[in-house]
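This is coords15.txt. It holds compact mmCIF, C-alpha atoms (C1' of nucleotides).
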# COMPACT_ATOMS: atom_id res chain seq x y z
CA MET A 1 8.29 -2.28 -2.29
CA ALA A 2 7.97 -2.01 1.43
CA SER A 3 4.19 -2.21 1.53
CA SER A 4 3.55 0.17 4.38
CA LEU A 5 6.78 0.98 6.08
CA ALA A 6 5.31 2.71 9.11
CA PRO A 7 4.35 -0.38 11.13
CA LEU A 8 7.77 -1.95 10.59
CA VAL A 9 9.46 1.19 11.84
CA LEU A 10 7.15 1.43 14.82
CA ILE A 11 7.82 -2.20 15.72
CA ILE A 12 11.56 -1.56 15.66
CA LEU A 13 11.20 1.53 17.82
CA ARG A 14 9.00 -0.41 20.23
CA ARG A 15 12.01 -2.50 21.18
CA GLN A 16 14.38 0.39 21.67
CA GLU A 17 15.00 3.85 20.37
CA SER A 18 16.97 4.12 17.18
CA TYR A 19 17.87 6.44 14.31
CA GLY A 20 17.22 6.41 10.60
CA TYR A 21 20.37 4.88 9.32
CA GLN A 22 20.32 2.11 11.89
CA ILE A 23 16.69 1.30 11.18
CA ILE A 24 17.59 0.78 7.53
CA GLN A 25 20.43 -1.56 8.52
CA GLU A 26 18.25 -3.49 10.90
CA LEU A 27 15.50 -3.98 8.33
CA ARG A 28 18.05 -5.20 5.83
CA GLU A 29 19.72 -7.57 8.28
CA LYS A 30 16.59 -8.99 9.87
CA SER A 31 15.07 -9.59 6.45
CA GLY A 32 18.15 -11.36 5.18
CA GLY A 33 18.75 -8.62 2.63
CA GLN A 34 15.24 -8.88 1.18
CA MET A 35 14.02 -5.56 2.50
CA ALA A 36 16.14 -2.74 1.13
CA VAL A 37 14.57 0.57 2.12
CA ALA A 38 16.13 3.64 0.52
CA GLU A 39 17.14 6.54 2.73
CA GLY A 40 14.97 8.82 0.65
CA THR A 41 12.04 6.61 1.59
CA LEU A 42 12.66 6.22 5.30
CA TYR A 43 13.64 9.70 6.43
CA PRO A 44 10.46 11.39 5.21
CA VAL A 45 8.47 8.62 6.89
CA LEU A 46 10.22 9.32 10.20
CA LYS A 47 9.44 13.02 9.86
CA LYS A 48 5.82 12.30 9.14
CA MET A 49 5.59 10.03 12.16
CA GLU A 50 7.14 12.72 14.30
CA ALA A 51 4.66 15.29 12.98
CA LYS A 52 1.87 12.89 13.95
CA LYS A 53 3.37 12.51 17.44
CA TRP A 54 3.87 8.80 17.07
CA VAL A 55 7.56 9.22 17.75
CA GLU A 56 9.78 11.79 19.41
CA GLY A 57 13.14 12.69 17.88
CA VAL A 58 16.17 14.25 19.54
CA TRP A 59 19.63 15.06 18.25
CA LYS A 60 22.40 13.34 20.15
CA LYS A 61 26.12 13.16 19.58
CA ALA A 62 27.19 9.52 19.33
CA ASP A 63 30.46 8.17 20.73
CA SER A 64 31.80 8.44 17.22
CA GLY A 65 31.22 12.17 17.38
CA ARG A 66 28.53 12.01 14.70
CA GLU A 67 25.21 13.71 15.21
CA ARG A 68 22.24 11.38 15.00
CA ARG A 69 18.54 11.93 15.37
CA TYR A 70 17.26 9.32 17.81
CA TYR A 71 13.59 8.44 17.75
CA LYS A 72 11.50 6.75 20.39
CA LEU A 73 7.88 5.71 20.53
CA THR A 74 5.41 8.00 22.27
CA SER A 75 2.36 6.61 24.04
CA ASN A 76 0.44 7.83 21.03
CA GLY A 77 2.73 5.78 18.84
CA THR A 78 2.26 2.72 21.02
CA GLN A 79 -1.48 2.94 20.55
CA GLU A 80 -1.06 3.47 16.83
CA LEU A 81 1.26 0.50 16.58
CA GLU A 82 -1.13 -1.81 18.37
CA GLN A 83 -3.86 -0.82 15.97
CA GLN A 84 -1.71 -1.24 12.88
CA TYR A 85 -0.30 -4.51 14.12
CA SER A 86 -3.70 -6.02 14.65
CA GLN A 87 -4.82 -4.64 11.29
CA LEU A 88 -1.88 -6.34 9.60
CA ASN A 89 -2.69 -9.60 11.34
CA PHE A 90 -6.27 -9.26 10.28
CA VAL A 91 -5.37 -8.87 6.62
CA SER A 92 -2.83 -11.62 6.87
CA GLN A 93 -5.42 -13.98 8.31
CA LEU A 94 -7.95 -12.94 5.68
CA ILE A 95 -5.45 -13.79 2.96
CA HIS A 96 -4.82 -17.20 4.44
CA LYS A 97 -8.50 -17.83 4.83
CA LEU A 98 -9.18 -16.93 1.20
CA TRP A 99 -6.19 -18.92 0.03
CA ASN A 100 -7.37 -22.01 1.87
CA LEU A 101 -10.94 -21.99 0.62
CA PRO A 102 -11.53 -25.04 -1.57
CA LEU A 103 -10.88 -24.43 -5.26
CA SER A 104 -13.81 -24.92 -7.56
CA THR A 105 -13.27 -28.00 -9.70
CA SER A 106 -15.91 -27.36 -12.36
CA SER A 107 -17.51 -24.42 -14.06
CA ASN A 108 -19.69 -22.28 -11.86
CA LEU A 109 -21.57 -20.54 -14.64
CA MET B 1 -6.97 1.15 3.25
CA ALA B 2 -6.70 -2.09 1.38
CA SER B 3 -2.92 -2.30 1.51
CA SER B 4 -2.27 -3.81 -1.88
CA LEU B 5 -5.48 -5.00 -3.34
CA ALA B 6 -3.99 -6.99 -6.19
CA PRO B 7 -3.01 -10.13 -4.26
CA LEU B 8 -6.43 -10.30 -2.60
CA VAL B 9 -8.14 -10.12 -5.97
CA LEU B 10 -5.81 -12.71 -7.46
CA ILE B 11 -6.48 -15.05 -4.55
CA ILE B 12 -10.21 -14.73 -5.10
CA LEU B 13 -9.85 -15.38 -8.82
CA ARG B 14 -7.64 -18.38 -8.08
CA ARG B 15 -10.64 -20.14 -6.59
CA GLN B 16 -13.01 -19.36 -9.42
CA GLU B 17 -13.66 -16.73 -12.01
CA SER B 18 -15.64 -13.73 -10.86
CA TYR B 19 -16.55 -10.15 -11.74
CA GLY B 20 -15.90 -6.79 -10.15
CA TYR B 21 -19.06 -6.29 -8.21
CA GLN B 22 -18.99 -9.80 -6.79
CA ILE B 23 -15.35 -9.48 -5.78
CA ILE B 24 -16.25 -6.40 -3.75
CA GLN B 25 -19.08 -8.30 -2.05
CA GLU B 26 -16.87 -11.27 -1.31
CA LEU B 27 -14.13 -9.14 0.22
CA ARG B 28 -16.69 -7.42 2.40
CA GLU B 29 -18.34 -10.64 3.50
CA LYS B 30 -15.22 -12.69 4.10
CA SER B 31 -13.70 -9.83 6.10
CA GLY B 32 -16.78 -9.44 8.24
CA GLY B 33 -17.37 -5.97 6.85
CA GLN B 34 -13.87 -4.76 7.68
CA MET B 35 -12.66 -4.54 4.12
CA ALA B 36 -14.80 -2.09 2.16
CA VAL B 37 -13.25 -1.59 -1.27
CA ALA B 38 -14.82 1.16 -3.36
CA GLU B 39 -15.85 0.40 -6.92
CA GLY B 40 -13.69 3.25 -8.12
CA THR B 41 -10.75 1.46 -6.55
CA LEU B 42 -11.37 -2.06 -7.76
CA TYR B 43 -12.37 -1.62 -11.38
CA PRO B 44 -9.20 0.22 -12.41
CA VAL B 45 -7.18 -2.47 -10.63
CA LEU B 46 -8.93 -5.17 -12.65
CA LYS B 47 -8.17 -3.31 -15.86
CA LYS B 48 -4.55 -2.95 -14.92
CA MET B 49 -4.29 -6.64 -14.12
CA GLU B 50 -5.85 -7.46 -17.47
CA ALA B 51 -3.36 -5.17 -19.25
CA LYS B 52 -0.56 -7.05 -17.49
CA LYS B 53 -2.06 -10.37 -18.61
CA TRP B 54 -2.54 -11.62 -15.08
CA VAL B 55 -6.25 -12.06 -15.76
CA GLU B 56 -8.48 -12.47 -18.78
CA GLY B 57 -11.83 -10.73 -18.96
CA VAL B 58 -14.88 -11.57 -21.05
CA TRP B 59 -18.33 -10.06 -21.23
CA LYS B 60 -21.11 -12.52 -20.45
CA LYS B 61 -24.81 -12.12 -20.02
CA ALA B 62 -25.84 -13.41 -16.62
CA ASP B 63 -29.10 -15.30 -15.95
CA SER B 64 -30.51 -12.01 -14.73
CA GLY B 65 -29.92 -10.59 -18.17
CA ARG B 66 -27.25 -8.20 -16.92
CA GLU B 67 -23.92 -7.92 -18.67
CA ARG B 68 -20.94 -8.69 -16.49
CA ARG B 69 -17.24 -8.80 -17.18
CA TYR B 70 -15.94 -12.10 -15.83
CA TYR B 71 -12.28 -12.42 -15.04
CA LYS B 72 -10.19 -15.53 -14.63
CA LEU B 73 -6.54 -16.07 -13.76
CA THR B 74 -4.08 -16.67 -16.57
CA SER B 75 -1.01 -18.86 -16.05
CA ASN B 76 0.90 -15.59 -15.89
CA GLY B 77 -1.39 -14.48 -13.11
CA THR B 78 -0.91 -17.75 -11.25
CA GLN B 79 2.84 -17.24 -11.26
CA GLU B 80 2.41 -13.64 -10.17
CA LEU B 81 0.08 -14.69 -7.37
CA GLU B 82 2.49 -17.29 -6.04
CA GLN B 83 5.22 -14.68 -5.92
CA GLN B 84 3.05 -12.07 -4.22
CA TYR B 85 1.66 -14.59 -1.78
CA SER B 86 5.09 -15.70 -0.64
CA GLN B 87 6.19 -12.07 -0.47
CA LEU B 88 3.24 -11.29 1.80
CA ASN B 89 4.07 -14.25 3.99
CA PHE B 90 7.65 -13.12 4.16
CA VAL B 91 6.72 -9.64 5.35
CA SER B 92 4.18 -11.07 7.74
CA GLN B 93 6.79 -13.36 9.28
CA LEU B 94 9.31 -10.54 9.45
CA ILE B 95 6.82 -8.45 11.36
CA HIS B 96 6.19 -11.24 13.83
CA LYS B 97 9.87 -11.84 14.22
CA LEU B 98 10.55 -8.18 14.96
CA TRP B 99 7.56 -7.97 17.28
CA ASN B 100 8.75 -10.95 19.29
CA LEU B 101 12.31 -9.79 19.78
CA PRO B 102 12.92 -9.10 23.48
CA LEU B 103 12.25 -5.51 24.48
CA SER B 104 15.18 -3.63 25.89
CA THR B 105 14.63 -2.96 29.59
CA SER B 106 17.28 -0.31 30.16
CA SER B 107 18.90 2.46 28.21
CA ASN B 108 21.07 1.35 25.35
CA LEU B 109 22.95 4.62 24.92
C1' DT C 1 44.74 12.99 0.45
C1' DG C 2 41.29 10.37 -1.44
C1' DC C 3 38.03 6.59 -0.67
C1' DT C 4 34.51 4.41 1.99
C1' DA C 5 30.98 4.17 5.54
C1' DT C 6 28.02 6.78 8.17
C1' DA C 7 24.07 10.06 8.57
C1' DC C 8 20.66 13.11 7.03
C1' DT C 9 18.07 16.14 3.32
C1' DT C 10 15.29 17.23 -0.56
C1' DA C 11 12.80 17.56 -5.22
C1' DG C 12 10.28 15.33 -8.40
C1' DA C 13 8.37 11.25 -10.66
C1' DA C 14 5.64 7.08 -10.45
C1' DC C 15 2.27 4.41 -8.54
C1' DT C 16 -1.81 3.29 -5.57
C1' DT C 17 -5.98 4.28 -3.46
C1' DC C 18 -9.92 7.17 -2.45
C1' DT C 19 -13.60 10.45 -3.43
C1' DA C 20 -17.26 11.48 -5.93
C1' DA C 21 -19.31 11.72 -9.52
C1' DG C 22 -22.10 9.51 -13.56
C1' DT C 23 -24.53 5.83 -16.67
C1' DA C 24 -27.48 1.94 -17.24
C1' DT C 25 -30.36 -2.11 -16.21
C1' DG C 26 -33.01 -5.39 -13.49
C1' DT C 27 -36.04 -6.05 -9.24
C1' DT C 28 -39.13 -4.84 -5.76
C1' DT C 29 -42.76 -2.31 -3.75
C1' DG C 30 -46.44 0.99 -3.06
C1' DC D 1 -46.91 1.79 -13.43
C1' DA D 2 -43.66 4.56 -11.24
C1' DA D 3 -40.39 5.25 -7.76
C1' DA D 4 -36.83 3.32 -5.16
C1' DC D 5 -33.26 0.15 -4.66
C1' DA D 6 -29.69 -3.24 -5.89
C1' DT D 7 -26.71 -4.51 -9.40
C1' DA D 8 -22.82 -3.45 -12.56
C1' DC D 9 -19.43 -0.73 -14.68
C1' DT D 10 -16.89 3.92 -15.83
C1' DT D 11 -14.12 7.91 -15.18
C1' DA D 12 -11.71 12.31 -13.48
C1' DG D 13 -9.25 14.26 -10.10
C1' DA D 14 -7.26 14.50 -5.44
C1' DA D 15 -4.51 12.56 -1.88
C1' DG D 16 -1.15 9.60 -0.14
C1' DT D 17 2.98 6.52 -0.45
C1' DT D 18 7.25 5.00 -2.24
C1' DC D 19 11.12 5.37 -5.36
C1' DT D 20 14.78 7.70 -7.90
C1' DA D 21 18.37 10.46 -7.78
C1' DA D 22 20.40 13.84 -6.49
C1' DG D 23 23.10 16.52 -2.73
C1' DT D 24 25.56 17.78 1.93
C1' DA D 25 28.62 16.63 5.67
C1' DT D 26 31.64 14.08 8.87
C1' DA D 27 34.58 10.20 10.56
C1' DG D 28 37.82 6.51 9.71
C1' DC D 29 41.22 4.32 7.01
C1' DA D 30 44.75 3.36 3.55
Please re-express this file's structure in C-alpha cells.
Amino acid sequence: MASSLAPLVLIILRRQESYGYQIIQELREKSGGQMAVAEGTLYPVLKKMEAKKWVEGVWKKADSGRERRYYKLTSNGTQELEQQYSQLNFVSQLIHKLWNLPLSTSSNL
Amino acid sequence: MASSLAPLVLIILRRQESYGYQIIQELREKSGGQMAVAEGTLYPVLKKMEAKKWVEGVWKKADSGRERRYYKLTSNGTQELEQQYSQLNFVSQLIHKLWNLPLSTSSNL
DNA sequence: TGCTATACTTAGAACTTCTAAGTATGTTTG
DNA sequence: CAAACATACTTAGAAGTTCTAAGTATAGCA
C-alpha cells in the first residue's frame, strides 16, 4: 500500500527527470525494499499526472537503444507538489500531535 | 481527502474511548478545521474496524439521554495501531529524505 | 537459442472515500 | 408549544485509487 503515490513520484521528478521503470527502482532502493510499487500501479498514475499537466512526457531512445518515456515536472506540477507536500506534513504533524496527547488514566464516563 | 482515516481514528481511541460524532469533532478541532471527515465516511470505517476486532463498540446512554455507540481499542487494535503508526512514520521520513536529496543542476541525459 | 532484465500497456477486481440522502432525539428560541 | 438547530447514527451509490495479473517487446548474456 503506497498511500498516495503521486506526491512521491512528484518529489522524485522534482530532483531530475526520470521514467517509469527507474522511478520504481528508486522507490524500492530509497525505501530499503519496503516500498514495492507494481508497474501496473505506477504507469497509470504517470499517465494521469500527464493528463493533469503536472508532468510532461517525451519518448527518447536511451544509450541502450531502448525507448523510454521520460517525464519532467511542469510548473503546474511544481505548484501541485508544494501543496501536496505541505498537506502531507500537516497530516503528519497532526498525527504526532494526537499521538502525544496525554493518555487518560481513568474512566471518562 | 483524509488519506487513510483508520490510523487517525485508532490514535484518538488510544487516548480514550469515544464515539463517532465526537471523533469527527475532535479531528476537526485538532486540525484547526482542515480535516473535515463526513459522517458517511467515518461510520462505515468504525464498523469495519469493529469487524476486524481492532475496536469494541457498546451502546450507552449518555447524560443527555442520547444513545451513543462508544468504541475502545482492543489489544488487537493496539498492535495494529503501532504497526500503522510506524508505517506512517516510515513513509513520512522517506518523503523527507527524497525531498532533501540535492537537486540536479544540469542535464543528466 | 533461451533466459533474464528492462520497459511499457491494459483490463478488471478490490478497497477507500465522498456525496447525498434519510431517521431520530434532545436543546434552544421565538 | 412549535420551529429550528445540534446531536447521533445509517445507508446506497458514485468516484477515485491501488492491486492483480495478465500481455507485448527489446536488449544482453550464457
Specify as a short mmCIF file (atom, residue, chain, number, x, y, z; two decimals) with C-alpha atoms, keeping the file's coordinate frame all residues of chain B found within 9 Å of chain D, counting all atoms listed in the file.
data_model
loop_
_atom_site.label_atom_id
_atom_site.label_comp_id
_atom_site.auth_asym_id
_atom_site.auth_seq_id
_atom_site.Cartn_x
_atom_site.Cartn_y
_atom_site.Cartn_z
CA GLY B 20 -15.90 -6.79 -10.15
CA TYR B 21 -19.06 -6.29 -8.21
CA GLU B 39 -15.85 0.40 -6.92
CA GLY B 40 -13.69 3.25 -8.12
CA TYR B 43 -12.37 -1.62 -11.38
CA ARG B 66 -27.25 -8.20 -16.92
CA GLU B 67 -23.92 -7.92 -18.67
CA ARG B 68 -20.94 -8.69 -16.49
CA ARG B 69 -17.24 -8.80 -17.18
#
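Distance-wise, CA of Gly32 in chain A and CA of Leu10 in chain A end up 19.4 Å apart.
Taking all atoms listed in the file into account, Ile23 in chain A lies nearest to B:Leu98 out of the set B:Ala36, B:Leu98, B:Leu46, B:Thr41.
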Proximity check chain B to chain A, 7 Å, nearest pairs one decimal Å, all atoms listed in the file, as JSON lines:
{"residue": "B:Leu8", "atom": "CA", "partner": "A:Ile95", "partner_atom": "CA", "distance": 6.6}
{"residue": "B:Ile11", "atom": "CA", "partner": "A:Trp99", "partner_atom": "CA", "distance": 6.0}
{"residue": "B:Ile12", "atom": "CA", "partner": "A:Leu98", "partner_atom": "CA", "distance": 6.8}
{"residue": "B:Arg15", "atom": "CA", "partner": "A:Leu103", "partner_atom": "CA", "distance": 4.5}
{"residue": "B:Gln16", "atom": "CA", "partner": "A:Ser104", "partner_atom": "CA", "distance": 5.9}
{"residue": "B:Ser31", "atom": "CA", "partner": "A:Leu94", "partner_atom": "CA", "distance": 6.6}
{"residue": "B:Leu94", "atom": "CA", "partner": "A:Ser31", "partner_atom": "CA", "distance": 6.6}
{"residue": "B:Ile95", "atom": "CA", "partner": "A:Leu8", "partner_atom": "CA", "distance": 6.6}
{"residue": "B:Leu98", "atom": "CA", "partner": "A:Ile11", "partner_atom": "CA", "distance": 6.6}
{"residue": "B:Trp99", "atom": "CA", "partner": "A:Ile11", "partner_atom": "CA", "distance": 6.0}
{"residue": "B:Leu103", "atom": "CA", "partner": "A:Arg15", "partner_atom": "CA", "distance": 4.5}
{"residue": "B:Ser104", "atom": "CA", "partner": "A:Arg15", "partner_atom": "CA", "distance": 5.8}
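Taking all atoms listed in the file into account, chain B lies nearest to C:DT19 out of the set C:DC8, C:DT19, C:DC3, C:DA13.
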May I have the residues within 10 Å of Thr74 in chain B as a VMD selection string, using all atoms listed in the file and disregarding those fewer than 6 positions away in the same chain? chain B and resid 13 to 14 50 53 to 56 80
Rounded to one decimal place, report the CA of Leu81 in chain A-CA of Ala6 in chain A distance in Å.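 Those two atoms sit 8.8 Å apart.
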Give me, as JSON lines, each residue of chain C that comes within 9 Å of chain B, together with its shortest interatomic pair and the distance in Å at one decimal, counting all atoms listed in the file, with rows ordered by chain and rising residue number.
{"residue": "C:DT16", "atom": "C1'", "partner": "B:Ser4", "partner_atom": "CA", "distance": 8.0}
{"residue": "C:DT17", "atom": "C1'", "partner": "B:Thr41", "partner_atom": "CA", "distance": 6.3}
{"residue": "C:DC18", "atom": "C1'", "partner": "B:Thr41", "partner_atom": "CA", "distance": 7.1}
{"residue": "C:DT19", "atom": "C1'", "partner": "B:Gly40", "partner_atom": "CA", "distance": 8.6}
{"residue": "C:DT25", "atom": "C1'", "partner": "B:Arg66", "partner_atom": "CA", "distance": 6.9}
{"residue": "C:DG26", "atom": "C1'", "partner": "B:Ser64", "partner_atom": "CA", "distance": 7.2}
Please indicate the distance in Å from CA of Tyr19 in chain A to CA of Gln79 in chain A, rounded to one decimal place.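 One can read the CA of Tyr19 in chain A to CA of Gln79 in chain A distance as 20.6 Å.
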Just checking: using all atoms listed in the file, which residue out of B:Ala51, B:Gln83, B:Gly57, B:Pro44 ends up closest to Tyr71 in chain B? B:Gly57
Complete range 64-77 of chain B with N, CA, C and O atoms (output as a compact mmCIF listing (two decimals), in the frame of the given file).
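This is the output file result-v9.txt:
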# COMPACT_ATOMS: atom_id res chain seq x y z
N SER B 64 -29.66 -13.18 -14.99
CA SER B 64 -30.51 -12.01 -14.73
C SER B 64 -30.69 -11.17 -15.99
O SER B 64 -31.58 -10.33 -16.05
N GLY B 65 -29.85 -11.40 -16.97
CA GLY B 65 -29.92 -10.59 -18.17
C GLY B 65 -28.89 -9.48 -18.18
O GLY B 65 -28.66 -8.84 -19.21
N ARG B 66 -28.26 -9.25 -17.02
CA ARG B 66 -27.25 -8.20 -16.92
C ARG B 66 -25.96 -8.63 -17.58
O ARG B 66 -25.57 -9.78 -17.51
N GLU B 67 -25.25 -7.67 -18.16
CA GLU B 67 -23.92 -7.92 -18.67
C GLU B 67 -22.91 -7.80 -17.53
O GLU B 67 -22.98 -6.88 -16.72
N ARG B 68 -22.01 -8.74 -17.48
CA ARG B 68 -20.94 -8.69 -16.49
C ARG B 68 -19.63 -9.01 -17.18
O ARG B 68 -19.59 -9.76 -18.14
N ARG B 69 -18.56 -8.45 -16.65
CA ARG B 69 -17.24 -8.80 -17.18
C ARG B 69 -16.58 -9.79 -16.22
O ARG B 69 -16.18 -9.44 -15.12
N TYR B 70 -16.51 -11.03 -16.66
CA TYR B 70 -15.94 -12.10 -15.83
C TYR B 70 -14.44 -12.19 -16.06
O TYR B 70 -13.97 -12.18 -17.19
N TYR B 71 -13.73 -12.29 -14.95
CA TYR B 71 -12.28 -12.42 -15.04
C TYR B 71 -11.84 -13.77 -14.52
O TYR B 71 -12.39 -14.28 -13.55
N LYS B 72 -10.82 -14.32 -15.18
CA LYS B 72 -10.19 -15.53 -14.63
C LYS B 72 -8.68 -15.39 -14.70
O LYS B 72 -8.13 -14.65 -15.53
N LEU B 73 -8.00 -16.08 -13.82
CA LEU B 73 -6.54 -16.07 -13.76
C LEU B 73 -5.95 -16.66 -15.03
O LEU B 73 -6.43 -17.67 -15.53
N THR B 74 -4.88 -16.05 -15.52
CA THR B 74 -4.08 -16.67 -16.57
C THR B 74 -2.94 -17.44 -15.89
O THR B 74 -2.78 -17.37 -14.68
N SER B 75 -2.15 -18.15 -16.66
CA SER B 75 -1.01 -18.86 -16.05
C SER B 75 0.01 -17.83 -15.57
O SER B 75 0.66 -18.00 -14.54
N ASN B 76 0.13 -16.75 -16.34
CA ASN B 76 0.90 -15.59 -15.89
C ASN B 76 0.47 -15.11 -14.51
O ASN B 76 1.30 -14.85 -13.64
N GLY B 77 -0.84 -14.97 -14.36
CA GLY B 77 -1.39 -14.48 -13.11
C GLY B 77 -1.17 -15.44 -11.97
O GLY B 77 -0.97 -15.04 -10.82
